[in-house]
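**Q** Enclosed is the structure file run.csv (CSV, C-alpha atoms).
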```csv
chain,number,residue,atom,x,y,z
Q,1,MET,CA,111.5,80.7,83.1
Q,2,LEU,CA,109.2,79.3,80.4
Q,3,ARG,CA,111.9,76.8,79.4
Q,4,GLY,CA,112.3,75.7,83.0
Q,5,CYS,CA,108.5,75.1,83.4
Q,6,PHE,CA,108.5,73.1,80.1
Q,7,TYR,CA,111.3,70.8,81.4
Q,8,LEU,CA,109.6,70.4,84.7
Q,9,PHE,CA,106.3,69.5,82.9
Q,10,PHE,CA,108.1,67.1,80.6
Q,11,TYR,CA,109.9,65.5,83.6
Q,12,PHE,CA,106.6,64.8,85.4
Q,13,LEU,CA,105.0,63.6,82.2
Q,14,ILE,CA,107.6,60.9,81.5
Q,15,TRP,CA,108.5,60.1,85.0
Q,16,PRO,CA,105.8,57.4,85.5
Q,17,THR,CA,107.0,55.6,82.4
Q,18,LEU,CA,110.6,55.6,83.7
Q,19,SER,CA,110.1,54.9,87.4
Q,20,TYR,CA,109.2,51.2,87.2
Q,21,ARG,CA,111.8,48.4,87.6
Q,22,ASP,CA,111.7,45.1,85.8
Q,23,PRO,CA,112.0,42.4,88.5
Q,24,GLY,CA,113.5,39.8,86.1
Q,25,ILE,CA,116.2,42.2,84.9
Q,26,ASP,CA,116.9,43.3,88.5
Q,27,MET,CA,117.4,39.7,89.6
Q,28,MET,CA,119.9,39.1,86.8
Q,29,ASP,CA,121.7,42.3,87.6
Q,30,CYS,CA,121.9,41.2,91.2
Q,31,LEU,CA,123.4,37.8,90.3
Q,32,ASP,CA,125.8,39.4,87.8
Q,33,LYS,CA,127.3,41.4,90.8
Q,34,GLY,CA,128.2,38.1,92.4
Q,35,GLU,CA,125.4,37.9,95.0
Q,36,GLU,CA,123.9,34.5,96.1
Q,37,LEU,CA,120.8,33.3,94.2
Q,38,ASP,CA,118.7,33.1,97.4
Q,39,ALA,CA,119.7,36.6,98.4
Q,40,CYS,CA,118.7,38.0,95.0
Q,41,ALA,CA,115.5,36.0,95.0
Q,42,LYS,CA,114.7,37.4,98.4
Q,43,GLN,CA,115.4,41.0,97.3
Q,44,THR,CA,113.1,40.4,94.3
Q,45,VAL,CA,110.2,39.5,96.5
Q,46,GLU,CA,111.0,42.4,98.9
Q,47,ASN,CA,110.9,44.8,95.9
Q,48,PHE,CA,107.4,43.6,95.0
Q,49,ARG,CA,106.2,45.6,98.0
Q,50,GLU,CA,106.9,48.9,96.3
Q,51,THR,CA,104.3,48.4,93.6
Q,52,MET,CA,101.7,46.1,95.3
Q,53,ASP,CA,99.2,48.9,95.7
Q,54,THR,CA,99.7,50.4,92.2
Q,55,GLY,CA,100.7,47.5,89.9
Q,56,VAL,CA,103.1,48.0,87.0
Q,57,PRO,CA,101.0,48.6,83.8
Q,58,GLU,CA,104.1,48.5,81.6
Q,59,LEU,CA,104.7,44.9,82.7
Q,60,GLN,CA,101.0,44.1,83.0
Q,61,LEU,CA,101.5,43.4,86.7
Q,62,PRO,CA,98.2,43.7,88.6
Q,63,VAL,CA,97.6,45.4,92.0
Q,64,LEU,CA,98.1,42.9,94.8
Q,65,ASP,CA,97.0,45.1,97.7
Q,66,PRO,CA,94.1,44.8,97.6
Q,67,LEU,CA,94.0,41.4,95.9
Q,68,HIS,CA,90.7,41.0,94.1
Q,69,LEU,CA,88.9,37.6,93.8
Q,70,LYS,CA,85.7,37.3,91.9
Q,71,LEU,CA,84.2,34.3,93.6
Q,72,ILE,CA,85.1,32.0,96.6
Q,73,VAL,CA,82.7,29.1,97.4
Q,74,PHE,CA,83.0,26.8,100.4
Q,75,LYS,CA,80.8,24.8,102.8
Q,76,PHE,CA,80.7,24.9,106.5
Q,77,TYR,CA,78.8,21.9,107.7
Q,78,ASN,CA,75.8,22.0,105.4
Q,79,LEU,CA,75.9,25.7,105.0
Q,80,THR,CA,77.1,27.0,101.6
Q,81,THR,CA,78.8,30.4,101.5
Q,82,GLU,CA,79.6,32.3,98.4
Q,83,LEU,CA,81.9,35.3,98.6
Q,84,PHE,CA,82.1,37.5,95.5
Q,85,ASP,CA,83.9,40.6,94.4
Q,86,VAL,CA,86.2,40.3,97.5
Q,87,ASP,CA,89.1,42.6,98.1
Q,88,PHE,CA,91.9,41.4,100.4
Q,89,PHE,CA,94.0,44.1,102.1
Q,90,GLY,CA,97.3,43.7,104.0
Q,91,PHE,CA,99.7,41.9,101.6
Q,92,LYS,CA,102.0,45.0,101.4
Q,93,LYS,CA,102.9,44.6,105.1
Q,94,PHE,CA,104.2,41.1,104.6
Q,95,ILE,CA,107.2,39.9,106.6
Q,96,LEU,CA,109.5,37.7,104.4
Q,97,LYS,CA,110.7,34.7,106.3
Q,98,SER,CA,112.6,32.9,103.5
Q,99,SER,CA,113.1,32.7,99.8
Q,100,ASN,CA,114.9,29.7,98.4
Q,101,VAL,CA,115.6,28.7,94.8
Q,102,ASP,CA,116.6,25.1,94.0
Q,103,LYS,CA,118.1,25.3,90.5
Q,104,LYS,CA,118.4,21.5,90.2
Q,105,ASN,CA,114.8,20.7,91.1
Q,106,ARG,CA,113.6,23.9,89.4
Q,107,THR,CA,111.6,25.2,92.4
Q,108,TRP,CA,111.3,28.5,94.3
Q,109,VAL,CA,109.8,28.3,97.8
Q,110,ILE,CA,108.7,31.6,99.4
Q,111,LYS,CA,107.5,31.8,103.1
Q,112,LEU,CA,106.1,35.0,104.5
Q,113,SER,CA,103.7,36.2,107.2
Q,114,ILE,CA,101.1,38.9,107.2
Q,115,PRO,CA,100.3,40.4,110.5
Q,116,THR,CA,96.6,41.2,109.6
Q,117,LEU,CA,94.6,40.3,106.6
Q,118,ASN,CA,91.3,42.1,106.0
Q,119,SER,CA,88.7,41.6,103.3
Q,120,VAL,CA,85.5,43.3,102.2
Q,121,GLY,CA,83.0,42.1,99.6
Q,122,MET,CA,79.6,40.6,99.2
Q,123,TYR,CA,78.3,37.2,100.3
Q,124,ARG,CA,75.4,34.8,99.6
Q,125,MET,CA,74.6,32.1,102.2
Q,126,PHE,CA,72.2,29.3,102.1
Q,127,GLY,CA,71.7,25.8,103.5
Q,128,THR,CA,71.2,24.2,107.0
Q,129,ILE,CA,73.0,24.1,110.3
Q,130,TRP,CA,71.8,22.5,113.5
Q,131,ASN,CA,68.9,21.1,111.4
Q,132,PHE,CA,67.8,24.7,110.9
Q,133,ASP,CA,67.1,26.0,107.4
Q,134,PHE,CA,68.8,29.3,106.9
Q,135,GLY,CA,66.9,30.2,103.7
Q,136,GLN,CA,69.1,32.6,101.7
Q,137,SER,CA,70.9,35.7,102.9
Q,138,THR,CA,72.8,38.2,100.8
Q,139,GLY,CA,74.7,41.3,101.8
Q,140,ASP,CA,78.0,43.0,102.6
Q,141,GLU,CA,80.8,40.9,104.3
Q,142,SER,CA,83.9,41.8,106.1
Q,143,PHE,CA,86.6,39.3,107.3
Q,144,SER,CA,89.8,39.7,109.2
Q,145,ALA,CA,92.5,37.2,110.3
Q,146,ASP,CA,95.7,37.6,112.4
Q,147,SER,CA,99.0,35.9,112.1
Q,148,VAL,CA,98.6,34.7,108.5
Q,149,ASP,CA,101.4,32.4,107.3
Q,150,VAL,CA,101.8,31.9,103.6
Q,151,THR,CA,104.0,29.4,101.7
Q,152,ALA,CA,104.2,29.5,98.0
Q,153,LYS,CA,106.0,26.8,96.0
Q,154,LEU,CA,106.7,27.7,92.4
Q,155,SER,CA,107.7,25.2,89.8
Q,156,ILE,CA,110.0,26.8,87.2
Q,157,ALA,CA,110.6,25.7,83.6
Q,158,PRO,CA,112.5,27.2,80.6
Q,159,LYS,CA,110.5,29.2,78.0
Q,160,GLY,CA,112.8,29.8,75.1
Q,161,ASN,CA,115.8,31.6,76.6
Q,162,ASN,CA,113.7,32.9,79.5
Q,163,VAL,CA,111.7,31.3,82.3
Q,164,GLU,CA,108.1,30.6,83.3
Q,165,VAL,CA,106.2,29.5,86.3
Q,166,THR,CA,104.4,26.3,85.4
Q,167,ASP,CA,102.7,25.7,88.8
Q,168,LEU,CA,102.2,27.5,92.1
Q,169,GLN,CA,101.1,25.7,95.2
Q,170,LEU,CA,99.9,28.0,97.9
Q,171,SER,CA,99.3,27.2,101.5
Q,172,ILE,CA,97.7,29.7,103.9
Q,173,GLU,CA,97.3,29.3,107.6
Q,174,MET,CA,95.6,31.9,109.8
Q,175,GLU,CA,94.5,32.5,113.3
Q,176,HIS,CA,91.9,34.6,115.3
Q,177,ILE,CA,89.4,35.1,112.5
Q,178,ASN,CA,86.5,37.5,112.7
Q,179,LEU,CA,83.7,37.3,110.1
Q,180,GLU,CA,80.8,39.8,109.9
Q,181,LEU,CA,77.9,39.3,107.5
Q,182,GLU,CA,75.3,42.0,107.1
Q,183,CYS,CA,71.6,41.3,106.4
Q,184,LEU,CA,71.5,37.7,107.7
Q,185,PHE,CA,67.9,36.4,107.9
Q,186,PRO,CA,66.2,39.1,105.9
Q,187,ARG,CA,62.4,39.5,106.2
Q,188,ASN,CA,60.5,39.2,102.9
Q,189,GLY,CA,63.8,39.7,101.1
Q,190,ALA,CA,64.6,42.9,102.9
Q,191,CYS,CA,67.2,43.8,105.5
Q,192,CYS,CA,66.4,45.5,108.8
Q,193,PRO,CA,68.8,48.5,108.9
Q,194,GLU,CA,68.0,49.5,112.5
Q,195,LYS,CA,69.1,46.1,113.9
Q,196,TYR,CA,72.4,44.5,114.5
Q,197,LEU,CA,74.3,44.1,111.3
Q,198,LYS,CA,71.0,44.9,109.5
Q,199,SER,CA,69.7,41.5,110.4
Q,200,CYS,CA,66.1,40.8,111.0
Q,201,ASN,CA,67.0,38.3,113.6
Q,202,SER,CA,69.8,39.8,115.7
Q,203,VAL,CA,69.8,37.0,118.3
Q,204,LEU,CA,70.3,34.3,115.8
Q,205,THR,CA,72.8,36.3,113.8
Q,206,LYS,CA,75.0,36.9,116.9
Q,207,THR,CA,74.7,33.1,117.7
Q,208,VAL,CA,75.7,32.1,114.2
Q,209,LEU,CA,78.7,34.5,113.9
Q,210,ARG,CA,79.9,33.7,117.4
Q,211,PHE,CA,79.8,30.0,116.5
Q,212,ILE,CA,81.7,30.5,113.2
Q,213,ASN,CA,84.3,32.8,114.8
Q,214,GLN,CA,84.8,30.8,118.0
Q,215,ASP,CA,85.0,27.6,115.9
Q,216,GLY,CA,87.6,29.3,113.7
Q,217,LYS,CA,89.8,26.2,113.2
Q,218,ASN,CA,86.9,24.2,111.5
Q,219,PHE,CA,85.9,27.3,109.5
Q,220,ILE,CA,89.4,27.9,108.3
Q,221,LYS,CA,89.7,24.2,107.4
Q,222,GLU,CA,86.9,24.6,104.9
Q,223,PHE,CA,87.8,28.1,103.8
Q,224,GLN,CA,91.5,27.7,103.4
Q,225,PRO,CA,91.8,25.3,100.4
Q,226,GLU,CA,89.4,27.4,98.3
Q,227,ILE,CA,91.1,30.7,99.1
Q,228,SER,CA,94.5,29.2,98.5
Q,229,LYS,CA,93.5,27.9,95.2
Q,230,LYS,CA,92.0,31.2,94.0
Q,231,MET,CA,94.9,33.3,95.2
Q,232,GLY,CA,97.3,30.8,93.8
Q,233,VAL,CA,96.0,31.5,90.3
Q,234,VAL,CA,96.4,35.2,90.7
Q,235,LEU,CA,100.0,34.9,92.1
Q,236,LYS,CA,101.1,32.4,89.4
Q,237,ASP,CA,100.1,35.0,86.7
Q,238,TYR,CA,101.8,37.7,88.7
Q,239,PHE,CA,105.1,35.9,89.0
Q,240,ASN,CA,105.1,34.9,85.3
Q,241,LYS,CA,104.8,38.5,84.3
Q,242,ALA,CA,107.2,39.7,87.0
Q,243,ILE,CA,110.1,37.4,86.0
Q,244,ALA,CA,109.4,37.1,82.3
Q,245,SER,CA,112.6,38.9,81.4
Q,246,ALA,CA,114.8,36.6,83.5
Q,247,GLU,CA,117.0,34.3,81.5
Q,248,SER,CA,116.5,30.6,82.5
Q,249,ARG,CA,120.2,30.0,83.0
Q,250,TYR,CA,120.0,32.2,86.1
Q,251,LEU,CA,117.3,30.0,87.8
Q,252,ILE,CA,117.7,26.6,86.2
Q,253,ASP,CA,120.6,24.1,86.4
Q,254,TYR,CA,121.0,22.4,83.0
Q,255,ALA,CA,123.9,20.2,84.1
```
Could you show the structure in this file as structure tokens?

**A**
Amino acid sequence: MLRGCFYLFFYFLIWPTLSYRDPGIDMMDCLDKGEELDACAKQTVENFRETMDTGVPELQLPVLDPLHLKLIVFKFYNLTTELFDVDFFGFKKFILKSSNVDKKNRTWVIKLSIPTLNSVGMYRMFGTIWNFDFGQSTGDESFSADSVDVTAKLSIAPKGNNVEVTDLQLSIEMEHINLELECLFPRNGACCPEKYLKSCNSVLTKTVLRFINQDGKNFIKEFQPEISKKMGVVLKDYFNKAIASAESRYLIDYA
């Protein structure tokens, strides 16, 4: 009985170190079985889903759901908005549309959709709109978007016998956004907790947020390049670590 308990304890002790899979090795194993490159690349992306909310410490793969960004800065008309310490949720529910590797041109293009993307964090807003000086507001923010389409184009190059991602261009398109900002228009630097979204000017807050959310296309036009740039940096690092074990001959045509 004691021996059985010991083995059970040992099993659970070492299981976390044995349960992860190396995506680069998995991809090579798939190709060695005679599968098509695009099919193996697609399965590699699908397998990311299993560890998006935990990461893989053994491979230094970070958590992707939520995906954390330290700072996003963009302008909407003459209004500057800074989002910081933002966590984006929803990546694990992605729907993979396509995954295509071009060995000759050394690219890997991935297209997927995310039904709903949510974020929480902090914001700082200042500037003018409608010739009205907003002053400065700071507080909690929440953001959601539906029907998010993501296209990632990876440029691949040899790194010794293995492979590395030298560039990742990310395009994000989204619809039906909803942005909420707490503590807009504070009074003497303080929020008004008993009012709408803790704003000290509920009417103006509703007007501003309605304008931003209803004019979503223009808002996204300003917001999208910055968020794509920041997320692209995170994803490039992720892919480099994920496929570091893959030999370049599997993904690159040297002919």

**Q** Got a sec: who's within 10 Å of Q:Ile252, counting only C-alpha atoms, leaving out chain neighbours fewer than 6 positions off, as a list in words?

**A** Val101, Asp102, Lys103, Lys104, Asn105, Arg106, Thr107, Ile156, Ala157, Pro158 and Val163 of chain Q

**Q** With stretch 218-233 of chain Q as the partner and 7 Å as the cut-off, tabulate the residues of stretch 47-100 of chain Q that qualify, each row holding the nearest pair of atoms and their distance in Å to one decimal, using only C-alpha atoms, sorted by chain and rising number, as JSON lines.

**A**
```
{"residue": "Q:Ile72", "atom": "CA", "partner": "Q:Glu226", "partner_atom": "CA", "distance": 6.5}
{"residue": "Q:Val73", "atom": "CA", "partner": "Q:Glu226", "partner_atom": "CA", "distance": 7.0}
{"residue": "Q:Phe74", "atom": "CA", "partner": "Q:Phe223", "partner_atom": "CA", "distance": 6.0}
{"residue": "Q:Lys75", "atom": "CA", "partner": "Q:Glu222", "partner_atom": "CA", "distance": 6.5}
{"residue": "Q:Phe76", "atom": "CA", "partner": "Q:Glu222", "partner_atom": "CA", "distance": 6.4}
```

**Q** Enumerate, in order of chain and increasing residue number, the residues of stretch 108-173 of chain Q with an atom no farther than 10 Å from stretch 78-89 of chain Q, each with its shortest atom pair and distance in Å to one decimal, counting all atoms listed in the file, as a Markdown table.

**A**
```
| residue | atom | partner | partner_atom | distance |
| --- | --- | --- | --- | --- |
| Q:Thr116 | CA | Q:Phe89 | CA | 8.5 |
| Q:Leu117 | CA | Q:Phe89 | CA | 5.9 |
| Q:Asn118 | CA | Q:Phe89 | CA | 5.1 |
| Q:Ser119 | CA | Q:Phe88 | CA | 4.3 |
| Q:Val120 | CA | Q:Asp87 | CA | 5.5 |
| Q:Gly121 | CA | Q:Val86 | CA | 4.2 |
| Q:Met122 | CA | Q:Phe84 | CA | 5.4 |
| Q:Tyr123 | CA | Q:Leu83 | CA | 4.4 |
| Q:Arg124 | CA | Q:Glu82 | CA | 5.0 |
| Q:Met125 | CA | Q:Thr81 | CA | 4.6 |
| Q:Phe126 | CA | Q:Thr80 | CA | 5.4 |
| Q:Gly127 | CA | Q:Leu79 | CA | 4.5 |
| Q:Thr128 | CA | Q:Leu79 | CA | 5.3 |
| Q:Ile129 | CA | Q:Asn78 | CA | 6.0 |
| Q:Trp130 | CA | Q:Asn78 | CA | 9.0 |
| Q:Asn131 | CA | Q:Asn78 | CA | 9.2 |
| Q:Asp133 | CA | Q:Leu79 | CA | 9.1 |
| Q:Phe134 | CA | Q:Leu79 | CA | 8.2 |
| Q:Gln136 | CA | Q:Thr80 | CA | 9.8 |
| Q:Ser137 | CA | Q:Thr81 | CA | 9.6 |
| Q:Thr138 | CA | Q:Glu82 | CA | 9.3 |
| Q:Gly139 | CA | Q:Leu83 | CA | 9.9 |
| Q:Asp140 | CA | Q:Leu83 | CA | 9.5 |
| Q:Glu141 | CA | Q:Leu83 | CA | 8.1 |
| Q:Ser142 | CA | Q:Val86 | CA | 9.0 |
| Q:Phe143 | CA | Q:Phe88 | CA | 9.0 |
| Q:Ser144 | CA | Q:Phe88 | CA | 9.2 |
```

**Q** Here is a test: counting only C-alpha atoms, which residue of Q:Asp29, Q:Glu164, Q:Asp146, Q:Asp53 is nearest to Q:Pro66?

**A** Q:Asp53

**Q** Rounded to one decimal in Å, what is the spacing between atom CA of Q:Phe94 and atom CA of Q:Cys30?

**A**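 So the two atoms, atom CA of Q:Phe94 and atom CA of Q:Cys30, lie 22.2 Å apart.
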
**Q** Can you tell me, as a compact mmCIF listing (two decimals) with C-alpha atoms, in the coordinates of the input, what residues are no more than 9 Å from Q:Ser98 when counting all atoms listed in the file, ignoring any on the same chain fewer than 3 positions away?

**A**
```txt
# COMPACT_ATOMS: atom_id res chain seq x y z
CA ASP Q 38 118.70 33.10 97.40
CA LYS Q 42 114.70 37.40 98.40
CA VAL Q 109 109.80 28.30 97.80
CA ILE Q 110 108.70 31.60 99.40
CA LYS Q 111 107.50 31.80 103.10
CA LEU Q 112 106.10 35.00 104.50
```

**Q** Find the residue from Q:Arg21, Q:Met174, Q:Asn162, Q:Ile212 that sits nearest to Q:Leu59; use only C-alpha atoms when measuring.

**A**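 Selected residue with least distance to Q:Leu59: Q:Arg21.
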
**Q** Q:Ala242: which residues within 9 Å, counting only C-alpha atoms, same-chain residues fewer than 4 positions away excluded, as a list in words?

**A**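 Within the cut-off, the hits are Asp22, Pro23, Gly24, Phe48, Leu59, Gln60, Leu61, Asp237, Tyr238 and Ala246 of chain Q.
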
**Q** Would you mind exporting the chosen residues as a PDB file, keeping the file's coordinate frame, restricted to C-alpha atoms?

**A**
```
ATOM      1  CA  ASP Q  22     111.700  45.100  85.800  1.00  0.00           C
ATOM      2  CA  PRO Q  23     112.000  42.400  88.500  1.00  0.00           C
ATOM      3  CA  GLY Q  24     113.500  39.800  86.100  1.00  0.00           C
ATOM      4  CA  PHE Q  48     107.400  43.600  95.000  1.00  0.00           C
ATOM      5  CA  LEU Q  59     104.700  44.900  82.700  1.00  0.00           C
ATOM      6  CA  GLN Q  60     101.000  44.100  83.000  1.00  0.00           C
ATOM      7  CA  LEU Q  61     101.500  43.400  86.700  1.00  0.00           C
ATOM      8  CA  ASP Q 237     100.100  35.000  86.700  1.00  0.00           C
ATOM      9  CA  TYR Q 238     101.800  37.700  88.700  1.00  0.00           C
ATOM     10  CA  ALA Q 246     114.800  36.600  83.500  1.00  0.00           C
TER      11      ALA Q 246
END
```

**Q** Any idea what's packed within 10 Å of Q:Glu46, counting all atoms listed in the file, ignoring anything in its chain fewer than 5 positions away? Could you give it as number ranges by chain?

**A** Q: 40-41, 92, 94-96, 99

**Q** Which residue, Q:Ser245, Q:Asn213, Q:Ser113, Q:Asn47, has the smallest gap to Q:Asn178 when you use all atoms listed in the file?

**A**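 Closest residue, counting all atoms listed in the file: Q:Asn213.
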
**Q** Would you list the contacts of Q:Arg49 as a list in words, taking every protein, DNA or RNA residue within 10 Å and counting all atoms listed in the file, but skipping same-chain residues closer than 6 positions in sequence?

**A** Gly55, Leu64, Asp65, Phe91, Lys92, Lys93 and Phe94 of chain Q

**Q** For stretch 76-93 of chain Q, where the input has fewer atoms than it should, I would like N, CA and C atoms rebuilt and written as a CSV table (one decimal), keeping the file's coordinate frame.

**A**
```csv
chain,number,residue,atom,x,y,z
Q,76,PHE,N,80.5,25.1,105.1
Q,76,PHE,CA,80.7,24.9,106.5
Q,76,PHE,C,79.6,24.1,107.1
Q,77,TYR,N,79.9,22.9,107.4
Q,77,TYR,CA,78.8,21.9,107.7
Q,77,TYR,C,77.9,21.8,106.5
Q,78,ASN,N,76.6,22.0,106.6
Q,78,ASN,CA,75.8,22.0,105.4
Q,78,ASN,C,75.4,23.4,105.0
Q,79,LEU,N,76.2,24.3,105.4
Q,79,LEU,CA,75.9,25.7,105.0
Q,79,LEU,C,76.9,26.1,103.9
Q,80,THR,N,76.3,26.5,102.8
Q,80,THR,CA,77.1,27.0,101.6
Q,80,THR,C,77.2,28.5,101.7
Q,81,THR,N,78.5,29.0,101.5
Q,81,THR,CA,78.8,30.4,101.5
Q,81,THR,C,79.5,30.8,100.2
Q,82,GLU,N,79.0,31.8,99.6
Q,82,GLU,CA,79.6,32.3,98.4
Q,82,GLU,C,80.1,33.7,98.7
Q,83,LEU,N,81.4,34.0,98.5
Q,83,LEU,CA,81.9,35.3,98.6
Q,83,LEU,C,82.2,35.8,97.2
Q,84,PHE,N,81.8,37.0,96.9
Q,84,PHE,CA,82.1,37.5,95.5
Q,84,PHE,C,82.5,39.0,95.5
Q,85,ASP,N,83.3,39.3,94.5
Q,85,ASP,CA,83.9,40.6,94.4
Q,85,ASP,C,84.6,41.0,95.7
Q,86,VAL,N,85.5,40.1,96.2
Q,86,VAL,CA,86.2,40.3,97.5
Q,86,VAL,C,87.5,40.9,97.3
Q,87,ASP,N,87.8,42.0,98.1
Q,87,ASP,CA,89.1,42.6,98.1
Q,87,ASP,C,89.8,42.3,99.4
Q,88,PHE,N,91.1,41.8,99.3
Q,88,PHE,CA,91.9,41.4,100.4
Q,88,PHE,C,93.0,42.5,100.6
Q,89,PHE,N,93.1,43.0,101.8
Q,89,PHE,CA,94.0,44.1,102.1
Q,89,PHE,C,95.1,43.5,103.2
Q,90,GLY,N,96.3,44.0,103.0
Q,90,GLY,CA,97.3,43.7,104.0
Q,90,GLY,C,98.6,43.0,103.5
Q,91,PHE,N,98.6,42.6,102.2
Q,91,PHE,CA,99.7,41.9,101.6
Q,91,PHE,C,101.0,42.8,101.6
Q,92,LYS,N,100.8,44.1,101.5
Q,92,LYS,CA,102.0,45.0,101.4
Q,92,LYS,C,102.8,45.0,102.7
Q,93,LYS,N,102.2,44.6,103.8
Q,93,LYS,CA,102.9,44.6,105.1
Q,93,LYS,C,103.5,43.2,105.4
```
